[in-house]
Amino acid sequence: MTNVDTLVESAGKLNILLDKDEIDRFILYKKILKEWNEKINITAIKDDEEIDIKHFLDSITLLDTGLFDEKIRVIDIGTGGGFPGIPIKILRDNMELVLLDSLKKRISFLDEVVDRLELKGVKTIHGRAEDYGKDKKYRENFHIATSRAVASLDVLCEYTLPFVKIGGYFIAMKGEDIEGELKEAKNSIKTLGGSFKEKVFIKLPDANIVHSLIIIEKIKETPPKFPRQAGKPKKKPL
């Protein structure tokens, strides 16, 4: 079985201390990820240390925002291999988590991860954000929406902000060079009921990687016509 020594050491440098149960879950998560990756393309990152840094550690840096410290409801949109949702859930077991992805095979993978890691309060959904963003069971129903490496920020806002309740937050995981995207997303953020709050830059220990967390607060309801039908947000961003 593989190990997550790099994750444990690097997380410690960010003052995130993992207990034995959390470490065991990350070890099993990585094992399942590598097994499935031989059958379908879950991730292009296959090296043990790179998985620790670029998937696990990268995901849990969201805890630095302080927004995950209470019992909350979170949706991870375009979650792929479960990032950042599942690593955060491992460390914040009391939060409710919904994982949304448009590829059925990835949802099948996530179902196995949730089952074998014995994670409670996690739901997986196969579908598109444009469709579920209009569903009353999900619309404006979450304290936090997250998304990583899915689309440009102006497009992401239309995918995510309809899910966030007033007073909640959308956290976009982006690279270091974010000013251009922020400028282009200004109208999208305002139109969809959001307000830019802050950007947090984080350097991953033991790696020459700096990423940004773009935090957008939901200050008013998203107009009913958003999100537009599938494909429209990407073809014609607000």
# chains A, B, ... in the order shown; residues from 1 in each chain; ligands from 1

$ closest_atom_pairs --of "region 99-155 of chain A" --to "region 190-208 of chain A" --cutoff "12 Å" --atoms "only C-alpha atoms" --output "CSV"
residue,atom,partner,partner_atom,distance
A:Gly133,CA,A:Leu192,CA,11.9
A:Glu140,CA,A:Gly193,CA,10.9
A:Leu153,CA,A:Phe196,CA,11.6
A:Asp154,CA,A:Leu192,CA,10.3
A:Val155,CA,A:Leu192,CA,11.0

$ residues_around --residues "region 109-112 of chain A" --least-positions-apart "5" --cutoff "8 Å" --atoms "only C-alpha atoms" --output "list in words"
Trp36, Gly81, Gly82 and Thr124 of chain A

$ write_last_selection --atoms "C-alpha atoms" --output "PDB file, in the first residue's frame"
ATOM      1  CA  TRP A  36      -9.246   3.436 -10.921  1.00  0.00           C
ATOM      2  CA  GLY A  81     -11.587  12.990  -8.660  1.00  0.00           C
ATOM      3  CA  GLY A  82     -13.223  14.550  -5.603  1.00  0.00           C
ATOM      4  CA  THR A 124     -22.789  12.376  -5.386  1.00  0.00           C
TER       5      THR A 124
END

$ residues_around --residues "Asn41 (chain A)" --least-positions-apart "2" --cutoff "12 Å" --atoms "only C-alpha atoms" --output "PDB file with C-alpha atoms, in the first residue's frame"
ATOM      1  CA  LEU A  33      -7.492   6.668  -7.043  1.00  0.00           C
ATOM      2  CA  LYS A  34      -4.498   4.812  -8.457  1.00  0.00           C
ATOM      3  CA  GLU A  35      -6.507   1.623  -9.019  1.00  0.00           C
ATOM      4  CA  TRP A  36      -9.246   3.436 -10.921  1.00  0.00           C
ATOM      5  CA  ASN A  37      -6.770   5.530 -12.859  1.00  0.00           C
ATOM      6  CA  GLU A  38      -5.585   2.357 -14.577  1.00  0.00           C
ATOM      7  CA  LYS A  39      -9.127   1.866 -15.941  1.00  0.00           C
ATOM      8  CA  THR A  43      -6.207  12.315 -13.090  1.00  0.00           C
ATOM      9  CA  ALA A  44      -3.065  12.863 -15.133  1.00  0.00           C
ATOM     10  CA  ILE A  45      -1.129  13.110 -11.865  1.00  0.00           C
ATOM     11  CA  LYS A  46       0.069   9.619 -10.916  1.00  0.00           C
ATOM     12  CA  GLY A  80     -13.530  15.309 -10.955  1.00  0.00           C
ATOM     13  CA  GLY A  81     -11.587  12.990  -8.660  1.00  0.00           C
ATOM     14  CA  LEU A 103     -19.105  12.292 -16.155  1.00  0.00           C
ATOM     15  CA  LYS A 105     -17.669   7.102 -14.599  1.00  0.00           C
ATOM     16  CA  ARG A 106     -16.175   9.667 -12.240  1.00  0.00           C
ATOM     17  CA  PHE A 109     -15.395   6.240  -8.716  1.00  0.00           C
TER      18      PHE A 109
END

$ select_by_dssp --residues "region 104-157 of chain A" --states "alpha helix (DSSP H)" --output "ChimeraX atom specification"
/A:104-116,129-132,153-157

$ write_last_selection --atoms "C-alpha atoms" --output "PDB file, in the first residue's frame"
ATOM      1  CA  LYS A 104     -20.867   9.148 -14.885  1.00  0.00           C
ATOM      2  CA  LYS A 105     -17.669   7.102 -14.599  1.00  0.00           C
ATOM      3  CA  ARG A 106     -16.175   9.667 -12.240  1.00  0.00           C
ATOM      4  CA  ILE A 107     -19.320   9.561 -10.116  1.00  0.00           C
ATOM      5  CA  SER A 108     -18.976   5.754  -9.916  1.00  0.00           C
ATOM      6  CA  PHE A 109     -15.395   6.240  -8.716  1.00  0.00           C
ATOM      7  CA  LEU A 110     -16.504   8.788  -6.113  1.00  0.00           C
ATOM      8  CA  ASP A 111     -19.251   6.443  -4.889  1.00  0.00           C
ATOM      9  CA  GLU A 112     -16.617   3.808  -4.168  1.00  0.00           C
ATOM     10  CA  VAL A 113     -14.373   6.327  -2.399  1.00  0.00           C
ATOM     11  CA  VAL A 114     -17.226   7.548  -0.189  1.00  0.00           C
ATOM     12  CA  ASP A 115     -18.260   3.970   0.617  1.00  0.00           C
ATOM     13  CA  ARG A 116     -14.803   2.579   1.390  1.00  0.00           C
ATOM     14  CA  ALA A 129     -24.341  22.682 -12.959  1.00  0.00           C
ATOM     15  CA  GLU A 130     -26.593  24.573 -15.385  1.00  0.00           C
ATOM     16  CA  ASP A 131     -29.394  22.058 -14.736  1.00  0.00           C
ATOM     17  CA  TYR A 132     -29.038  21.500 -10.993  1.00  0.00           C
ATOM     18  CA  LEU A 153     -13.957  32.871 -13.325  1.00  0.00           C
ATOM     19  CA  ASP A 154     -16.737  34.668 -15.219  1.00  0.00           C
ATOM     20  CA  VAL A 155     -18.123  31.303 -16.369  1.00  0.00           C
ATOM     21  CA  LEU A 156     -17.580  29.673 -12.979  1.00  0.00           C
ATOM     22  CA  CYS A 157     -19.705  32.300 -11.274  1.00  0.00           C
TER      23      CYS A 157
END

$ residues_around --residues "Lys123 (chain A)" --least-positions-apart "5" --cutoff "9 Å" --atoms "only C-alpha atoms" --output "VMD selection string"
chain A and resid 96 to 100 111 114

$ write_last_selection --atoms "N, CA and C atoms" --output "compact mmCIF listing (two decimals), in the first residue's frame"
# COMPACT_ATOMS: atom_id res chain seq x y z
N GLU A 96 -21.72 18.71 5.60
CA GLU A 96 -22.45 18.00 4.55
C GLU A 96 -21.81 18.34 3.23
N LEU A 97 -21.67 17.34 2.35
CA LEU A 97 -20.97 17.56 1.09
C LEU A 97 -21.74 16.97 -0.07
N VAL A 98 -21.89 17.76 -1.13
CA VAL A 98 -22.44 17.27 -2.39
C VAL A 98 -21.35 17.39 -3.45
N LEU A 99 -21.11 16.29 -4.17
CA LEU A 99 -20.12 16.25 -5.23
C LEU A 99 -20.84 16.17 -6.57
N LEU A 100 -20.65 17.16 -7.42
CA LEU A 100 -21.34 17.23 -8.70
C LEU A 100 -20.34 17.11 -9.84
N ASP A 111 -18.38 7.28 -5.72
CA ASP A 111 -19.25 6.44 -4.89
C ASP A 111 -18.43 5.39 -4.14
N VAL A 114 -16.37 7.19 -1.33
CA VAL A 114 -17.23 7.55 -0.19
C VAL A 114 -17.58 6.31 0.62

$ residues_around --residues "Arg25 (chain A)" --least-positions-apart "6" --cutoff "9 Å" --atoms "only C-alpha atoms" --output "CSV table (one decimal) with C-alpha atoms, in the first residue's frame"
chain,number,residue,atom,x,y,z
A,90,ILE,CA,-11.8,14.0,5.6
A,116,ARG,CA,-14.8,2.6,1.4
A,117,LEU,CA,-13.7,5.6,3.4
A,118,GLU,CA,-17.0,5.4,5.3

$ closest_residue --among "A:Lys225, A:Lys134, A:Arg92, A:Lys235" --to "Arg73 (chain A)" --atoms "only C-alpha atoms"
A:Arg92

$ residues_around --residues "Ile144 (chain A)" --least-positions-apart "5" --cutoff "8 Å" --atoms "only C-alpha atoms" --output "mmCIF file with C-alpha atoms, in the first residue's frame"
data_model
loop_
_atom_site.group_PDB
_atom_site.id
_atom_site.type_symbol
_atom_site.label_atom_id
_atom_site.label_comp_id
_atom_site.auth_asym_id
_atom_site.auth_seq_id
_atom_site.Cartn_x
_atom_site.Cartn_y
_atom_site.Cartn_z
ATOM 1 C CA ILE A 72 -21.987 23.709 6.975
ATOM 2 C CA ARG A 73 -23.346 22.443 3.657
ATOM 3 C CA VAL A 74 -20.856 22.462 0.774
ATOM 4 C CA ILE A 75 -21.166 21.676 -2.938
ATOM 5 C CA VAL A 164 -25.062 29.572 -2.725
ATOM 6 C CA GLY A 168 -22.636 32.145 1.890
ATOM 7 C CA TYR A 169 -19.528 32.024 -0.290
ATOM 8 C CA PHE A 170 -18.193 30.762 -3.579
ATOM 9 C CA ILE A 171 -14.488 29.853 -3.355
#

$ closest_residue --among "A:Glu158, A:Gly12, A:Thr146, A:Ile86" --to "Gln229 (chain A)" --atoms "only C-alpha atoms"
A:Glu158

$ residues_around --residues "Leu63 (chain A)" --least-positions-apart "6" --cutoff "12 Å" --atoms "only C-alpha atoms" --output "number ranges by chain"
A: 11, 14-17, 57, 69-70, 84-85, 87-92, 171, 200, 202, 213

$ write_last_selection --atoms "C-alpha atoms" --output "compact mmCIF listing (two decimals), in the first residue's frame"
# COMPACT_ATOMS: atom_id res chain seq x y z
CA ALA A 11 0.34 19.89 5.93
CA LEU A 14 0.69 24.84 7.15
CA ASN A 15 -0.29 24.07 10.76
CA ILE A 16 -2.73 21.37 9.64
CA LEU A 17 -2.14 18.30 11.78
CA LEU A 57 -2.59 19.36 0.10
CA ASP A 69 -14.93 25.56 10.92
CA GLU A 70 -18.68 25.21 11.56
CA PRO A 84 -11.25 19.71 -3.21
CA GLY A 85 -14.40 18.24 -1.62
CA PRO A 87 -9.94 15.95 1.27
CA ILE A 88 -11.78 18.75 3.10
CA LYS A 89 -14.48 16.29 4.21
CA ILE A 90 -11.82 13.96 5.65
CA LEU A 91 -10.66 16.79 7.91
CA ARG A 92 -14.11 18.32 8.57
CA ILE A 171 -14.49 29.85 -3.35
CA VAL A 200 -5.80 34.62 -0.65
CA ILE A 202 -1.03 30.25 -0.75
CA LEU A 213 -8.37 31.35 -3.45

$ atom_distance --atom1 "CA of Ala172 (chain A)" --atom2 "CA of Asp64 (chain A)"
13.6 Å

$ atom_distance --atom1 "CA of Gly78 (chain A)" --atom2 "CA of Ile209 (chain A)"
22.0 Å

$ closest_residue --among "A:Pro233, A:Glu50, A:Phe163, A:Thr65" --to "Asp135 (chain A)" --atoms "only C-alpha atoms"
A:Phe163

$ select_by_dssp --residues "region 1-232 of chain A" --states "strand (DSSP E or B)" --output "ChimeraX atom specification"
/A:73-77,96-101,122-126,142-148,164-175,194-204,209-218

$ write_last_selection --atoms "C-alpha atoms" --output "PDB file, in the first residue's frame"
ATOM      1  CA  ARG A  73     -23.346  22.443   3.657  1.00  0.00           C
ATOM      2  CA  VAL A  74     -20.856  22.462   0.774  1.00  0.00           C
ATOM      3  CA  ILE A  75     -21.166  21.676  -2.938  1.00  0.00           C
ATOM      4  CA  ASP A  76     -18.084  20.876  -5.035  1.00  0.00           C
ATOM      5  CA  ILE A  77     -18.872  21.619  -8.690  1.00  0.00           C
ATOM      6  CA  GLU A  96     -22.454  18.005   4.553  1.00  0.00           C
ATOM      7  CA  LEU A  97     -20.966  17.564   1.093  1.00  0.00           C
ATOM      8  CA  VAL A  98     -22.444  17.269  -2.393  1.00  0.00           C
ATOM      9  CA  LEU A  99     -20.118  16.245  -5.234  1.00  0.00           C
ATOM     10  CA  LEU A 100     -21.339  17.229  -8.704  1.00  0.00           C
ATOM     11  CA  ASP A 101     -19.750  16.019 -11.930  1.00  0.00           C
ATOM     12  CA  VAL A 122     -21.803  12.900   1.308  1.00  0.00           C
ATOM     13  CA  LYS A 123     -23.991  12.808  -1.807  1.00  0.00           C
ATOM     14  CA  THR A 124     -22.789  12.376  -5.386  1.00  0.00           C
ATOM     15  CA  ILE A 125     -24.701  13.796  -8.353  1.00  0.00           C
ATOM     16  CA  HIS A 126     -24.234  13.048 -12.032  1.00  0.00           C
ATOM     17  CA  PHE A 142     -25.395  25.810   0.337  1.00  0.00           C
ATOM     18  CA  HIS A 143     -23.148  27.771   2.665  1.00  0.00           C
ATOM     19  CA  ILE A 144     -20.180  27.250   0.332  1.00  0.00           C
ATOM     20  CA  ALA A 145     -19.678  26.271  -3.298  1.00  0.00           C
ATOM     21  CA  THR A 146     -16.180  25.291  -4.438  1.00  0.00           C
ATOM     22  CA  SER A 147     -14.666  24.653  -7.834  1.00  0.00           C
ATOM     23  CA  ARG A 148     -11.157  23.891  -9.027  1.00  0.00           C
ATOM     24  CA  VAL A 164     -25.062  29.572  -2.725  1.00  0.00           C
ATOM     25  CA  LYS A 165     -27.455  30.963  -0.123  1.00  0.00           C
ATOM     26  CA  ILE A 166     -27.338  34.651   0.819  1.00  0.00           C
ATOM     27  CA  GLY A 167     -24.515  35.130   3.307  1.00  0.00           C
ATOM     28  CA  GLY A 168     -22.636  32.145   1.890  1.00  0.00           C
ATOM     29  CA  TYR A 169     -19.528  32.024  -0.290  1.00  0.00           C
ATOM     30  CA  PHE A 170     -18.193  30.762  -3.579  1.00  0.00           C
ATOM     31  CA  ILE A 171     -14.488  29.853  -3.355  1.00  0.00           C
ATOM     32  CA  ALA A 172     -12.684  29.490  -6.680  1.00  0.00           C
ATOM     33  CA  MET A 173      -9.292  27.771  -6.699  1.00  0.00           C
ATOM     34  CA  LYS A 174      -7.095  29.530  -9.220  1.00  0.00           C
ATOM     35  CA  GLY A 175      -3.456  30.111 -10.111  1.00  0.00           C
ATOM     36  CA  GLY A 194     -22.174  38.098  -5.575  1.00  0.00           C
ATOM     37  CA  SER A 195     -19.632  40.521  -4.171  1.00  0.00           C
ATOM     38  CA  PHE A 196     -15.871  40.016  -4.359  1.00  0.00           C
ATOM     39  CA  LYS A 197     -14.543  39.661  -0.829  1.00  0.00           C
ATOM     40  CA  GLU A 198     -10.865  38.792  -1.020  1.00  0.00           C
ATOM     41  CA  LYS A 199      -8.130  36.802  -2.704  1.00  0.00           C
ATOM     42  CA  VAL A 200      -5.803  34.625  -0.652  1.00  0.00           C
ATOM     43  CA  PHE A 201      -2.444  33.528  -2.051  1.00  0.00           C
ATOM     44  CA  ILE A 202      -1.033  30.253  -0.748  1.00  0.00           C
ATOM     45  CA  LYS A 203       2.399  28.767  -1.430  1.00  0.00           C
ATOM     46  CA  LEU A 204       2.376  24.998  -1.198  1.00  0.00           C
ATOM     47  CA  ILE A 209       3.486  26.303  -6.614  1.00  0.00           C
ATOM     48  CA  VAL A 210       1.480  29.362  -5.610  1.00  0.00           C
ATOM     49  CA  HIS A 211      -2.261  29.370  -6.007  1.00  0.00           C
ATOM     50  CA  SER A 212      -5.038  31.782  -5.163  1.00  0.00           C
ATOM     51  CA  LEU A 213      -8.370  31.354  -3.449  1.00  0.00           C
ATOM     52  CA  ILE A 214     -10.911  33.819  -4.807  1.00  0.00           C
ATOM     53  CA  ILE A 215     -13.655  34.357  -2.225  1.00  0.00           C
ATOM     54  CA  ILE A 216     -16.974  35.760  -3.430  1.00  0.00           C
ATOM     55  CA  GLU A 217     -19.779  36.455  -0.952  1.00  0.00           C
ATOM     56  CA  LYS A 218     -23.416  35.965  -1.952  1.00  0.00           C
TER      57      LYS A 218
END

$ closest_residue --among "A:Asp93, A:Leu119, A:Thr61, A:Tyr29" --to "Lys13 (chain A)" --atoms "only C-alpha atoms"
A:Thr61

$ closest_residue --among "A:Met95, A:Leu7, A:Ile219, A:Ile23" --to "His55 (chain A)" --atoms "only C-alpha atoms"
A:Leu7
